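Following: one structure in structure tokens, then a few remarks.
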Amino acid sequence: MNIHEYQAKELFEKFGVATPAGKVAATAEEAGAAAREIGGTGLVVKAQVHAGGRGKGTFKNGFKGGVHVINTAEEAQEIAGKMLGQTLVTHQTGPEGKLVSKVLIAKSVDIVKELYFAILFDRSKSTHSIIASTEGGMNIEEVAEKTPEKITKVPVHPTMGLQPYQCRKIASALGLKGPLINQAVKLFTALWNLYSKSDCSLVEVNPLAVTTDGQVVALDAKFNFDDNALYRQKEVTAMRDTSEEDPREVAASEFGLNYIGLDGNIACLVNGAGLAMATMDIIKLHGGEPANFLDVGGGATKDQVASAFKIILGDPNVKGILVNIFGGIMDCNVIAQGIIAAVNEVGLTLPLVVRLEGNNVEAGKATLAGSDLAILSADGLTDAAQKIVAAVANVA
Amino acid sequence: MAILVDTDTRILVQGITGDFGSRHAKASLDYGTQLVAGVTPGKGGQFFEHNGHKVPIFDTVAEAAAETGATVSAIFVPPPFAADAILECVDAKLALAVAITEGIPVNDMIRVKSAMCHSKTRLIGPNCPGVVTPGRGDKSQGGCRIGIAPGYIHRRGNVGVVSRSGTLTYEAVWQLTTRGYGQSTCVGIGGDPVNGTNHTDVLQMFNDDPETEAIIMIGEIGGSAEVDAARWAAENCKKPIAAFIAGATAPAGRRMGHAGAIVGGAEDTAEAKKRILRECGIAVADSPADMAAALLERMGK
């Protein structure tokens with residue numbers, strides 16, 4: 001799950017992470033009022049979408065730039081009016097762009113030095129790690145590749161958490177001196193508290209800025225959260241903006257299905273995440289392109305299959321469907337009856353190949369064969385992949 | 001011999017009265033597993049009854065182990081309580097805790113893994129299908145089934161199977177069984193990024209197990225566990241190994257169902273993993289339909 005920049009700022013303020021003053025606005029009038037409240041000149045108006053590259057983006061109404069520096073409340077209102085309700089296209093949004101429904105008005109700061117500071121889950125160490133670099137504002141992967149000596153990596157103790165001496169060590173590695181060191185230690189500690197108490201899996205502050213008036217502040221941040229912990233993070237969950245997500249994935253999650261949309265035309269419906277990935281792979285191996293990842297979980301009941309069909313059919317690219325179920329504990333005949341009922345319920349007309357394996361598989365296949373629906377029954381994984389690739393090729 | 005558990009291993013089930021736990025406890029009893037105790041706090045003194053079996057329920061793991069001699073726990077408790085359930089196994093000095101639970105927060109697992117350092121208990125999982133050492137009866141009856149795998153697909157034999165995925169494990173097992181090749185032990189290590197036992201740990205056990213003659217290792221995109229295991233095997237394991245890595249078509253940066261199945265860097269893609277596994281002498285199947293075939297070919301069968 002991702003959050004907006006203004007929400008990140010709210011979390012920063014709650015946990016005492018130093019960040020320039022800012023306010024969110026949903027209307028041009030609110031933007032003007034926010035600018036007046038923050039006061040002074042040198043403010044920025046920033047379109048709130050989950051994609052990067054906003055500054056260089058263009059709105060579909062022709063207005064250029066999702067980030068503007070302004071000096072008066074009137075300007076803030078005018079610029080916000082050109083952004084709100086408009087669609088911003090950046091190199092990360094795709095050509096369809098993202099609708100801007102909120103803008104952030106923030107105090108801009110004069111920067112002496114841009115640094116990089118991130119906390120992320122580090123699976124190789126089974127704990128979280130800090131990554132810091134003197135090269136702020138840059139693509140950190142590039143820095144790591146070209147100048148690895150400019151990256152500092154510190155693992156966080158799994159039960160003790162981030163310690164003050166570790167923060168001082170990082171501040172020193174970032175070249176901070178004098179009072180900036182203690183400011184940085186305070187900021188890192190606050191950020192760690194925010195990270196661990198909110199069950200984050202990534203907080204990337206880029207840039208972490210040193211300002212001309214001698215402050216260390218977090219300017220922008222990217223957040224990721226551990227989906228498994230959202231049940232105990234009510235405040236974070238409330239920040240979810242489903243309009244930023246693939247609508248098919250949002251619909252799937254409402255049915256308890258695990259769906260990820262892809263670019264191909266062969267949809268698949270599988271029980272189990274590993275087998276679902278493997279099914280995508282075998283479609284590709286036989287010359288097809290998977291349209292999605294879809295794990296219906298262990299059960300594959302009629303209702304789940306019907307919901308899954310509806311989500312699959314919401315993708316106009318889909319030209320055929322492969323159902324791959326390893327029946328395991330469940331009776332394949334029950335699964336076959338569920339598939340037939342689901343096909344009838346949604347009125348499926350696309351080619352459908354079903355591969356069943358496991359408990360009572362012969363009865364399941366007989367049930368599929370005995371139905372008057374045009375379901376192709378497959379013998380094994382390879383046969384299933386070949387059959388659906390051929391069927392889709394015929395349609396296209 | 002087999003690894004981790006054998007047909008006479010005595011197991012208990014934490015969460016035996018829950019919907020999920022009770023369903024699979026029944027399947028284990030039907031399979032002939034020595035399921036000797038259940039644990040549900042507040043239901044101590046009651047019994048879990050199924051097809052003539054009468055399994056005593058205890059309030060704590062320590063009591064259950066002391067009263068019944070159970071040395072292994074199958075954990076079916078919901079995610080918010082699973083970390084605590086694992087630590088209870090450690091406290092009771094069980095040999096093995098198998099956490100089936102899916103969806104445990106990563107912070108809970110980081111703390112649990114740290115707390116389990118130097119403990120007597122090995123953890124398998126979480127978010128795993130469990131462990132099966134097949135029995136010698138009809139359809140492998142009489143085996144030790146811990147978790148949620150279908151028992152009847154197995155057959156006792158000499159191939160060890162280790163995997164991050166449930167249904168993909170069943171595929172591999174079924175491919176072996178239908179070709180007449182049985183399994184020593186099948187271990188689902190789970191799809192989470194922080195787990196108790198990794199591929200290398202299981203390969204070491206299979207390498208040391210005289211009954212295991214060949215190994216199928218099933219992996220996924222994300223992390224370096226399969227690559228680490230392959231490098232270890234290249235140096236230390238003479239037994240033939242075949243592998244499959246799921247996720248060749250997965251887009252980078254997306255979590256593919258399992259919390260651990262996400263491509264982060266250049267080294268954890270399916271392509272990179274397959275290349276390194278091949279360099280380490282492992283027979284890699286490009287198709288999930290060919291896992292057993294790749295192993296049999298490597299074995300010269």
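Residue names in the structure tokens use chain letters A, B, ... in the order shown, residue numbers from 1 in each chain, and ligand numbers from 1 in the order shown.
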Could you write out as number ranges by chain the residues of chain B within 6 Å of chain A, counting only C-alpha atoms?
-> B: 103-105, 110-111, 150, 165, 167-168, 193-194, 246-249, 257, 287, 289
What lies within 8 Å of Glu135 of chain A using only C-alpha atoms, ignoring chain neighbours under 2 positions off, as a PyMOL selection string?
-> chain A and resi 114-116+133+137-138+140+143+150
Quick one: pick out all strand (DSSP E or B) residues within segment 123-223 of chain A from a backbone DSSP run and write them as an MDAnalysis selection string.
-> chainID A and resid 127:133 151:155 157 161 200:211 216:218 221:223
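Ranking A:Phe117, A:Phe225, A:Trp192, A:Phe63 by their shortest atom-to-atom distance to Met1 of chain A, with only C-alpha atoms included, puts A:Phe225 first.
Taking atom CA of Asn51 of chain B as the reference point, atom CA of Ala66 of chain B is found at 25.2 Å.
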Shell of 10 Å around Val103 of chain A, only C-alpha atoms, local chain residues under 2 positions omitted, as number ranges by chain | A: 5-6, 23-28, 30-31, 44-49, 66-67, 79-81, 83-84, 100-101, 105-106
With C-alpha atoms kept, could you save the residues just selected as a compact mmCIF listing (two decimals), in the first residue's frame?
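As a result, result_38.txt now contains:
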# COMPACT_ATOMS: atom_id res chain seq x y z
CA GLU A 5 2.85 13.04 0.03
CA TYR A 6 0.48 15.06 2.22
CA LYS A 23 -1.30 21.85 4.24
CA VAL A 24 -3.49 19.83 1.94
CA ALA A 25 -6.27 21.38 -0.14
CA ALA A 26 -9.08 19.86 -2.18
CA THR A 27 -10.32 23.15 -3.73
CA ALA A 28 -8.65 26.26 -5.12
CA GLU A 30 -8.73 25.94 0.32
CA ALA A 31 -5.34 26.21 -1.40
CA VAL A 44 5.18 25.21 -3.48
CA VAL A 45 1.94 23.82 -4.86
CA LYS A 46 2.25 20.09 -5.52
CA ALA A 47 -0.27 17.85 -7.26
CA GLN A 48 -1.03 14.78 -5.10
CA VAL A 49 -0.77 11.57 -7.13
CA GLY A 66 2.61 19.26 -11.28
CA VAL A 67 4.90 21.25 -8.94
CA ILE A 79 -2.30 27.34 -9.73
CA ALA A 80 -4.34 24.91 -7.60
CA GLY A 81 -7.37 25.73 -9.76
CA MET A 83 -4.42 21.31 -11.23
CA LEU A 84 -7.49 20.16 -9.29
CA VAL A 100 -5.54 15.16 -9.24
CA SER A 101 -8.09 15.64 -6.48
CA ILE A 105 0.80 23.66 -0.26
CA ALA A 106 4.17 23.62 1.48
Would you kindly return, as a PyMOL selection string, each protein, DNA or RNA residue with an atom no farther than 10 Å from any atom of Met1 of chain B, considering only C-alpha atoms and excluding same-chain residues fewer than 3 positions away?
-> chain B and resi 4-7+133+184-185+209-212
Write the selection just made, keeping C-alpha atoms, as a short mmCIF file (atom, residue, chain, number, x, y, z; two decimals), in the first residue's frame?
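Dumped everything to out-v2.cif:
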data_model
loop_
_atom_site.label_atom_id
_atom_site.label_comp_id
_atom_site.auth_asym_id
_atom_site.auth_seq_id
_atom_site.Cartn_x
_atom_site.Cartn_y
_atom_site.Cartn_z
CA LEU B 4 12.45 -33.74 10.40
CA VAL B 5 9.65 -36.21 11.18
CA ASP B 6 9.06 -39.92 10.74
CA THR B 7 5.92 -42.02 10.78
CA THR B 133 6.85 -37.93 5.49
CA SER B 184 11.39 -39.39 1.66
CA THR B 185 10.03 -36.12 3.06
CA ASP B 209 19.62 -38.49 5.08
CA PRO B 210 20.53 -41.93 3.73
CA GLU B 211 16.98 -42.55 2.51
CA THR B 212 17.00 -39.46 0.27
#
Those of segment 223-264 of chain A in DSSP alpha helix (DSSP H), formatted as a PyMOL selection string = chain A and resi 234-237+247-254
For those residues, write N, CA and C atoms to a file as a PDB file, in the first residue's frame.
ATOM      1  N   LYS A 234      -5.071   0.920  11.819  1.00  0.00           N
ATOM      2  CA  LYS A 234      -6.325   1.511  11.347  1.00  0.00           C
ATOM      3  C   LYS A 234      -6.086   2.871  10.672  1.00  0.00           C
ATOM      4  N   GLU A 235      -5.207   3.692  11.300  1.00  0.00           N
ATOM      5  CA  GLU A 235      -4.960   5.041  10.797  1.00  0.00           C
ATOM      6  C   GLU A 235      -4.303   4.988   9.412  1.00  0.00           C
ATOM      7  N   VAL A 236      -3.374   4.053   9.263  1.00  0.00           N
ATOM      8  CA  VAL A 236      -2.689   3.892   7.976  1.00  0.00           C
ATOM      9  C   VAL A 236      -3.666   3.375   6.922  1.00  0.00           C
ATOM     10  N   THR A 237      -4.465   2.384   7.310  1.00  0.00           N
ATOM     11  CA  THR A 237      -5.423   1.800   6.370  1.00  0.00           C
ATOM     12  C   THR A 237      -6.382   2.865   5.845  1.00  0.00           C
ATOM     13  N   PRO A 247      -8.309  -0.628 -10.767  1.00  0.00           N
ATOM     14  CA  PRO A 247      -9.663  -0.934 -10.290  1.00  0.00           C
ATOM     15  C   PRO A 247      -9.955  -2.441 -10.244  1.00  0.00           C
ATOM     16  N   ARG A 248      -9.331  -3.206 -11.140  1.00  0.00           N
ATOM     17  CA  ARG A 248      -9.537  -4.662 -11.115  1.00  0.00           C
ATOM     18  C   ARG A 248      -8.960  -5.258  -9.830  1.00  0.00           C
ATOM     19  N   GLU A 249      -7.804  -4.715  -9.410  1.00  0.00           N
ATOM     20  CA  GLU A 249      -7.173  -5.236  -8.200  1.00  0.00           C
ATOM     21  C   GLU A 249      -7.979  -4.849  -6.967  1.00  0.00           C
ATOM     22  N   VAL A 250      -8.565  -3.651  -7.007  1.00  0.00           N
ATOM     23  CA  VAL A 250      -9.405  -3.216  -5.887  1.00  0.00           C
ATOM     24  C   VAL A 250     -10.628  -4.128  -5.778  1.00  0.00           C
ATOM     25  N   ALA A 251     -11.271  -4.410  -6.931  1.00  0.00           N
ATOM     26  CA  ALA A 251     -12.450  -5.286  -6.929  1.00  0.00           C
ATOM     27  C   ALA A 251     -12.085  -6.675  -6.433  1.00  0.00           C
ATOM     28  N   ALA A 252     -10.946  -7.193  -6.882  1.00  0.00           N
ATOM     29  CA  ALA A 252     -10.518  -8.534  -6.478  1.00  0.00           C
ATOM     30  C   ALA A 252     -10.301  -8.607  -4.977  1.00  0.00           C
ATOM     31  N   SER A 253      -9.698  -7.570  -4.419  1.00  0.00           N
ATOM     32  CA  SER A 253      -9.403  -7.622  -2.987  1.00  0.00           C
ATOM     33  C   SER A 253     -10.695  -7.615  -2.174  1.00  0.00           C
ATOM     34  N   GLU A 254     -11.753  -7.016  -2.740  1.00  0.00           N
ATOM     35  CA  GLU A 254     -13.043  -7.043  -2.034  1.00  0.00           C
ATOM     36  C   GLU A 254     -13.619  -8.452  -1.963  1.00  0.00           C
TER      37      GLU A 254
END
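If you count only C-alpha atoms and ignore residues fewer than 5 places along the chain from Ala294 of chain B, what sits within 8 Å of it is B:Ala242, B:Ala283, B:Val284, B:Ala285.
With only C-alpha atoms as the atoms that count, the minimum distance from Trp232 of chain B to the choices B:Ser22, B:Thr200, B:Thr71, B:Asn207 is reached by B:Thr200.
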